[in-house]
Amino acid sequence: MNLRNVIVPLGLLALLYLAYDSLGWKGVAAVGGGILMWLLLHFTRLMTVMRRASERPIGYVGSAVMLNAKLKPKVNLMHVVGMTRSLGTRLSEEGQEPELYRWTDGTDSHVTCEFVNGRLVKWTLVRPPKVEPAAEDKPAAGI
C-alpha cells in the first residue's frame with residue numbers, strides 16, 4: 001500500500017481540525033476553500049493532459065531520443081503522458097506490476113518505460129540499426 005494515499009488525507013483532516021480549533025467555522029471554510037482549490041487545480045491539469053493525449057495516436061512521440069533524455073526516475077505516469085502528449089502502448093497485462101508502456105517515433109526508435117506503483121523505475125531506448133546504402137546506389141564522385 002502506498003503511504004502517500006494515507007498521509008495526504010490525514011494531513012488535510014489535521015489542517016481542517018487546526019482551522020476549526022483556532023478560528024472556528026470561518027477557519028474551516030477558509031481551509032476547505034484552499035483544499036478545494038488544490039483539488040480543482042489537480043483535476044484541471046489531469047483533464048488538460050488527457051485532452052492533449054487524445055489528439056495524438058496511442059504510443060507515438062515526436063522523438064524517442066528526446067524523450068529518453070527528459071525522463072527522470074520516480075516521475076508518475078501522468079507526467080510522462082504530459083511530456084509525450086500521447087498515451088503509451090501498454091505492453092503488460094491489466095493490473096500487473098510492473099506496468100510497461102512504449103512510445104515510438106517516426107524512425108522506429110522507441111522508449112519502453114517500466115512503472116511500479118505508478119512511478120517510473122527504469123526505461124530503455126532502442127534505436128534501429130542504420131542501413132548503409134549499397135555501393136551501386138552511391139553517386140559517382142568527380143564526374
# chains A, B, ... in the order shown; residues from 1 in each chain; ligands from 1
$ select_by_dssp --residues "chain A" --states "alpha helix (DSSP H)" --output "ChimeraX atom specification"
/A:4-23,25-54,64-70,77-84
$ write_last_selection --atoms "C-alpha atoms" --output "short mmCIF file (atom, residue, chain, number, x, y, z; two decimals), in the first residue's frame"
data_model
loop_
_atom_site.label_atom_id
_atom_site.label_comp_id
_atom_site.auth_asym_id
_atom_site.auth_seq_id
_atom_site.Cartn_x
_atom_site.Cartn_y
_atom_site.Cartn_z
CA ARG A 4 1.05 8.72 0.32
CA ASN A 5 -2.58 7.55 -0.03
CA VAL A 6 -2.89 7.65 3.77
CA ILE A 7 -0.72 10.60 4.75
CA VAL A 8 -2.27 13.21 2.42
CA PRO A 9 -5.89 12.71 3.58
CA LEU A 10 -4.79 12.58 7.23
CA GLY A 11 -2.82 15.80 6.75
CA LEU A 12 -5.84 17.50 5.18
CA LEU A 13 -8.05 16.38 8.07
CA ALA A 14 -5.47 17.68 10.54
CA LEU A 15 -5.47 21.05 8.74
CA LEU A 16 -9.25 21.21 8.96
CA TYR A 17 -9.13 20.35 12.66
CA LEU A 18 -6.50 23.01 13.37
CA ALA A 19 -8.51 25.59 11.42
CA TYR A 20 -11.63 24.78 13.44
CA ASP A 21 -9.68 24.82 16.69
CA SER A 22 -8.16 28.25 16.03
CA LEU A 23 -10.84 30.13 14.05
CA TRP A 25 -16.18 27.53 11.26
CA LYS A 26 -14.62 30.51 9.49
CA GLY A 27 -11.27 28.72 9.59
CA VAL A 28 -12.84 25.51 8.28
CA ALA A 29 -14.38 27.48 5.40
CA ALA A 30 -11.05 29.14 4.57
CA VAL A 31 -9.01 25.92 4.72
CA GLY A 32 -11.78 23.99 2.94
CA GLY A 33 -11.70 26.55 0.15
CA GLY A 34 -7.95 26.16 -0.15
CA ILE A 35 -8.24 22.37 -0.27
CA LEU A 36 -10.97 22.62 -2.89
CA MET A 37 -8.81 24.94 -5.00
CA TRP A 38 -5.90 22.50 -4.73
CA LEU A 39 -8.14 19.61 -5.85
CA LEU A 40 -9.52 21.64 -8.75
CA LEU A 41 -6.00 22.54 -9.91
CA HIS A 42 -5.02 18.86 -10.00
CA PHE A 43 -8.24 17.92 -11.79
CA THR A 44 -7.71 20.67 -14.39
CA ARG A 45 -4.15 19.52 -15.01
CA LEU A 46 -5.29 15.92 -15.44
CA MET A 47 -8.01 16.92 -17.91
CA THR A 48 -5.58 19.11 -19.89
CA VAL A 49 -3.04 16.27 -20.16
CA MET A 50 -5.73 13.81 -21.25
CA ARG A 51 -7.22 16.22 -23.81
CA ARG A 52 -3.78 16.73 -25.39
CA ALA A 53 -3.11 12.99 -25.36
CA SER A 54 -6.43 12.30 -27.09
CA ALA A 64 12.18 8.92 -28.73
CA VAL A 65 15.73 10.18 -28.19
CA MET A 66 14.49 13.46 -26.71
CA LEU A 67 12.01 11.60 -24.52
CA ASN A 68 14.84 9.39 -23.28
CA ALA A 69 16.87 12.49 -22.39
CA LYS A 70 13.97 14.13 -20.50
CA LEU A 77 2.72 8.16 -15.42
CA MET A 78 0.68 11.33 -15.84
CA HIS A 79 3.91 13.36 -16.02
CA VAL A 80 5.28 11.11 -18.78
CA VAL A 81 1.97 11.27 -20.69
CA GLY A 82 2.13 15.06 -20.36
CA MET A 83 5.67 15.13 -21.79
CA THR A 84 4.83 12.87 -24.73
#
$ atom_distance --atom1 "atom CA of A:Leu100" --atom2 "atom CA of A:Asn76"
12.9 Å
$ select_by_dssp --residues "chain A" --states "strand (DSSP E or B)" --output "ChimeraX atom specification"
/A:60,76,89-90,99-104,110-116,119-126
$ closest_residue --among "A:Thr107, A:Ser86, A:Thr112, A:Asn2" --to "A:Leu125" --atoms "only C-alpha atoms"
A:Thr112
$ closest_residue --among "A:Leu91, A:Leu71, A:Val61, A:Val126" --to "A:Ser109" --atoms "only C-alpha atoms"
A:Val126
$ decode --residues "stretch 96-138 of chain A" --atoms "N, CA and C atoms" --output "PDB file, in the first residue's frame"
ATOM      1  N   GLN A  96      -1.223  -5.737 -13.680  1.00  0.00           N
ATOM      2  CA  GLN A  96       0.010  -6.446 -13.344  1.00  0.00           C
ATOM      3  C   GLN A  96       1.119  -5.442 -13.077  1.00  0.00           C
ATOM      4  N   GLU A  97       1.908  -5.687 -12.041  1.00  0.00           N
ATOM      5  CA  GLU A  97       3.065  -4.853 -11.728  1.00  0.00           C
ATOM      6  C   GLU A  97       4.307  -5.571 -12.213  1.00  0.00           C
ATOM      7  N   PRO A  98       5.279  -4.947 -12.767  1.00  0.00           N
ATOM      8  CA  PRO A  98       5.349  -3.548 -13.161  1.00  0.00           C
ATOM      9  C   PRO A  98       4.550  -3.313 -14.442  1.00  0.00           C
ATOM     10  N   GLU A  99       4.100  -2.068 -14.604  1.00  0.00           N
ATOM     11  CA  GLU A  99       3.390  -1.681 -15.812  1.00  0.00           C
ATOM     12  C   GLU A  99       4.416  -1.258 -16.851  1.00  0.00           C
ATOM     13  N   LEU A 100       4.262  -1.755 -18.067  1.00  0.00           N
ATOM     14  CA  LEU A 100       5.186  -1.429 -19.151  1.00  0.00           C
ATOM     15  C   LEU A 100       4.435  -0.674 -20.239  1.00  0.00           C
ATOM     16  N   TYR A 101       4.997   0.455 -20.659  1.00  0.00           N
ATOM     17  CA  TYR A 101       4.423   1.262 -21.729  1.00  0.00           C
ATOM     18  C   TYR A 101       5.524   1.589 -22.725  1.00  0.00           C
ATOM     19  N   ARG A 102       5.127   1.748 -24.006  1.00  0.00           N
ATOM     20  CA  ARG A 102       6.105   2.051 -25.050  1.00  0.00           C
ATOM     21  C   ARG A 102       5.631   3.237 -25.882  1.00  0.00           C
ATOM     22  N   TRP A 103       6.578   4.127 -26.195  1.00  0.00           N
ATOM     23  CA  TRP A 103       6.342   5.246 -27.096  1.00  0.00           C
ATOM     24  C   TRP A 103       7.319   5.108 -28.259  1.00  0.00           C
ATOM     25  N   THR A 104       6.821   5.227 -29.501  1.00  0.00           N
ATOM     26  CA  THR A 104       7.624   5.054 -30.711  1.00  0.00           C
ATOM     27  C   THR A 104       7.568   6.330 -31.541  1.00  0.00           C
ATOM     28  N   ASP A 105       8.686   6.664 -32.196  1.00  0.00           N
ATOM     29  CA  ASP A 105       8.684   7.839 -33.071  1.00  0.00           C
ATOM     30  C   ASP A 105       8.661   7.401 -34.537  1.00  0.00           C
ATOM     31  N   GLY A 106       8.798   8.351 -35.446  1.00  0.00           N
ATOM     32  CA  GLY A 106       8.706   8.074 -36.874  1.00  0.00           C
ATOM     33  C   GLY A 106       9.860   7.266 -37.436  1.00  0.00           C
ATOM     34  N   THR A 107      10.980   7.182 -36.742  1.00  0.00           N
ATOM     35  CA  THR A 107      12.138   6.421 -37.221  1.00  0.00           C
ATOM     36  C   THR A 107      12.199   5.027 -36.621  1.00  0.00           C
ATOM     37  N   ASP A 108      11.117   4.582 -36.006  1.00  0.00           N
ATOM     38  CA  ASP A 108      11.009   3.268 -35.341  1.00  0.00           C
ATOM     39  C   ASP A 108      11.899   3.134 -34.116  1.00  0.00           C
ATOM     40  N   SER A 109      12.447   4.234 -33.625  1.00  0.00           N
ATOM     41  CA  SER A 109      13.096   4.217 -32.319  1.00  0.00           C
ATOM     42  C   SER A 109      11.990   4.208 -31.281  1.00  0.00           C
ATOM     43  N   HIS A 110      12.200   3.521 -30.180  1.00  0.00           N
ATOM     44  CA  HIS A 110      11.168   3.502 -29.153  1.00  0.00           C
ATOM     45  C   HIS A 110      11.766   3.494 -27.756  1.00  0.00           C
ATOM     46  N   VAL A 111      10.975   4.035 -26.822  1.00  0.00           N
ATOM     47  CA  VAL A 111      11.339   4.056 -25.413  1.00  0.00           C
ATOM     48  C   VAL A 111      10.320   3.199 -24.682  1.00  0.00           C
ATOM     49  N   THR A 112      10.806   2.219 -23.923  1.00  0.00           N
ATOM     50  CA  THR A 112       9.946   1.367 -23.116  1.00  0.00           C
ATOM     51  C   THR A 112      10.149   1.757 -21.657  1.00  0.00           C
ATOM     52  N   CYS A 113       9.050   2.136 -21.000  1.00  0.00           N
ATOM     53  CA  CYS A 113       9.110   2.610 -19.615  1.00  0.00           C
ATOM     54  C   CYS A 113       8.478   1.589 -18.684  1.00  0.00           C
ATOM     55  N   GLU A 114       9.087   1.413 -17.527  1.00  0.00           N
ATOM     56  CA  GLU A 114       8.583   0.496 -16.501  1.00  0.00           C
ATOM     57  C   GLU A 114       8.141   1.310 -15.294  1.00  0.00           C
ATOM     58  N   PHE A 115       6.880   1.149 -14.900  1.00  0.00           N
ATOM     59  CA  PHE A 115       6.300   1.865 -13.774  1.00  0.00           C
ATOM     60  C   PHE A 115       5.936   0.873 -12.672  1.00  0.00           C
ATOM     61  N   VAL A 116       6.338   1.173 -11.447  1.00  0.00           N
ATOM     62  CA  VAL A 116       5.950   0.394 -10.274  1.00  0.00           C
ATOM     63  C   VAL A 116       5.214   1.349  -9.342  1.00  0.00           C
ATOM     64  N   ASN A 117       4.006   0.970  -8.950  1.00  0.00           N
ATOM     65  CA  ASN A 117       3.135   1.824  -8.128  1.00  0.00           C
ATOM     66  C   ASN A 117       2.928   3.199  -8.767  1.00  0.00           C
ATOM     67  N   GLY A 118       2.839   3.240 -10.097  1.00  0.00           N
ATOM     68  CA  GLY A 118       2.581   4.479 -10.804  1.00  0.00           C
ATOM     69  C   GLY A 118       3.788   5.385 -10.974  1.00  0.00           C
ATOM     70  N   ARG A 119       4.963   4.946 -10.536  1.00  0.00           N
ATOM     71  CA  ARG A 119       6.183   5.762 -10.634  1.00  0.00           C
ATOM     72  C   ARG A 119       7.180   5.107 -11.585  1.00  0.00           C
ATOM     73  N   LEU A 120       7.874   5.927 -12.354  1.00  0.00           N
ATOM     74  CA  LEU A 120       8.856   5.436 -13.311  1.00  0.00           C
ATOM     75  C   LEU A 120      10.071   4.880 -12.589  1.00  0.00           C
ATOM     76  N   VAL A 121      10.390   3.637 -12.894  1.00  0.00           N
ATOM     77  CA  VAL A 121      11.534   2.977 -12.263  1.00  0.00           C
ATOM     78  C   VAL A 121      12.720   2.925 -13.229  1.00  0.00           C
ATOM     79  N   LYS A 122      12.469   2.467 -14.442  1.00  0.00           N
ATOM     80  CA  LYS A 122      13.547   2.410 -15.432  1.00  0.00           C
ATOM     81  C   LYS A 122      12.947   2.505 -16.830  1.00  0.00           C
ATOM     82  N   TRP A 123      13.799   2.851 -17.786  1.00  0.00           N
ATOM     83  CA  TRP A 123      13.376   2.967 -19.167  1.00  0.00           C
ATOM     84  C   TRP A 123      14.528   2.607 -20.065  1.00  0.00           C
ATOM     85  N   THR A 124      14.202   2.154 -21.267  1.00  0.00           N
ATOM     86  CA  THR A 124      15.226   1.779 -22.236  1.00  0.00           C
ATOM     87  C   THR A 124      14.885   2.394 -23.593  1.00  0.00           C
ATOM     88  N   LEU A 125      15.910   2.872 -24.256  1.00  0.00           N
ATOM     89  CA  LEU A 125      15.775   3.411 -25.604  1.00  0.00           C
ATOM     90  C   LEU A 125      16.321   2.384 -26.578  1.00  0.00           C
ATOM     91  N   VAL A 126      15.561   2.078 -27.614  1.00  0.00           N
ATOM     92  CA  VAL A 126      16.007   1.152 -28.657  1.00  0.00           C
ATOM     93  C   VAL A 126      15.949   1.906 -29.981  1.00  0.00           C
ATOM     94  N   ARG A 127      17.087   1.946 -30.657  1.00  0.00           N
ATOM     95  CA  ARG A 127      17.158   2.603 -31.961  1.00  0.00           C
ATOM     96  C   ARG A 127      17.444   1.542 -33.021  1.00  0.00           C
ATOM     97  N   PRO A 128      16.757   1.603 -34.153  1.00  0.00           N
ATOM     98  CA  PRO A 128      17.016   0.605 -35.198  1.00  0.00           C
ATOM     99  C   PRO A 128      18.409   0.802 -35.780  1.00  0.00           C
ATOM    100  N   PRO A 129      19.021  -0.275 -36.253  1.00  0.00           N
ATOM    101  CA  PRO A 129      20.364  -0.136 -36.840  1.00  0.00           C
ATOM    102  C   PRO A 129      20.288   0.670 -38.134  1.00  0.00           C
ATOM    103  N   LYS A 130      21.366   1.437 -38.379  1.00  0.00           N
ATOM    104  CA  LYS A 130      21.437   2.226 -39.609  1.00  0.00           C
ATOM    105  C   LYS A 130      21.685   1.295 -40.781  1.00  0.00           C
ATOM    106  N   VAL A 131      21.017   1.562 -41.881  1.00  0.00           N
ATOM    107  CA  VAL A 131      21.204   0.772 -43.095  1.00  0.00           C
ATOM    108  C   VAL A 131      22.077   1.583 -44.041  1.00  0.00           C
ATOM    109  N   GLU A 132      23.248   1.011 -44.369  1.00  0.00           N
ATOM    110  CA  GLU A 132      24.172   1.671 -45.290  1.00  0.00           C
ATOM    111  C   GLU A 132      23.717   1.431 -46.720  1.00  0.00           C
ATOM    112  N   PRO A 133      23.706   2.472 -47.552  1.00  0.00           N
ATOM    113  CA  PRO A 133      23.332   2.250 -48.959  1.00  0.00           C
ATOM    114  C   PRO A 133      24.376   1.409 -49.672  1.00  0.00           C
ATOM    115  N   ALA A 134      23.939   0.620 -50.624  1.00  0.00           N
ATOM    116  CA  ALA A 134      24.857  -0.241 -51.380  1.00  0.00           C
ATOM    117  C   ALA A 134      25.768   0.622 -52.244  1.00  0.00           C
ATOM    118  N   ALA A 135      26.916   0.051 -52.671  1.00  0.00           N
ATOM    119  CA  ALA A 135      27.918   0.792 -53.443  1.00  0.00           C
ATOM    120  C   ALA A 135      27.350   1.280 -54.775  1.00  0.00           C
ATOM    121  N   GLU A 136      26.491   0.481 -55.427  1.00  0.00           N
ATOM    122  CA  GLU A 136      25.948   0.885 -56.720  1.00  0.00           C
ATOM    123  C   GLU A 136      24.883   1.976 -56.577  1.00  0.00           C
ATOM    124  N   ASP A 137      24.373   2.178 -55.364  1.00  0.00           N
ATOM    125  CA  ASP A 137      23.375   3.221 -55.126  1.00  0.00           C
ATOM    126  C   ASP A 137      24.016   4.577 -54.933  1.00  0.00           C
ATOM    127  N   LYS A 138      25.315   4.609 -54.610  1.00  0.00           N
ATOM    128  CA  LYS A 138      26.001   5.883 -54.354  1.00  0.00           C
ATOM    129  C   LYS A 138      26.341   6.556 -55.672  1.00  0.00           C
TER     130      LYS A 138
END
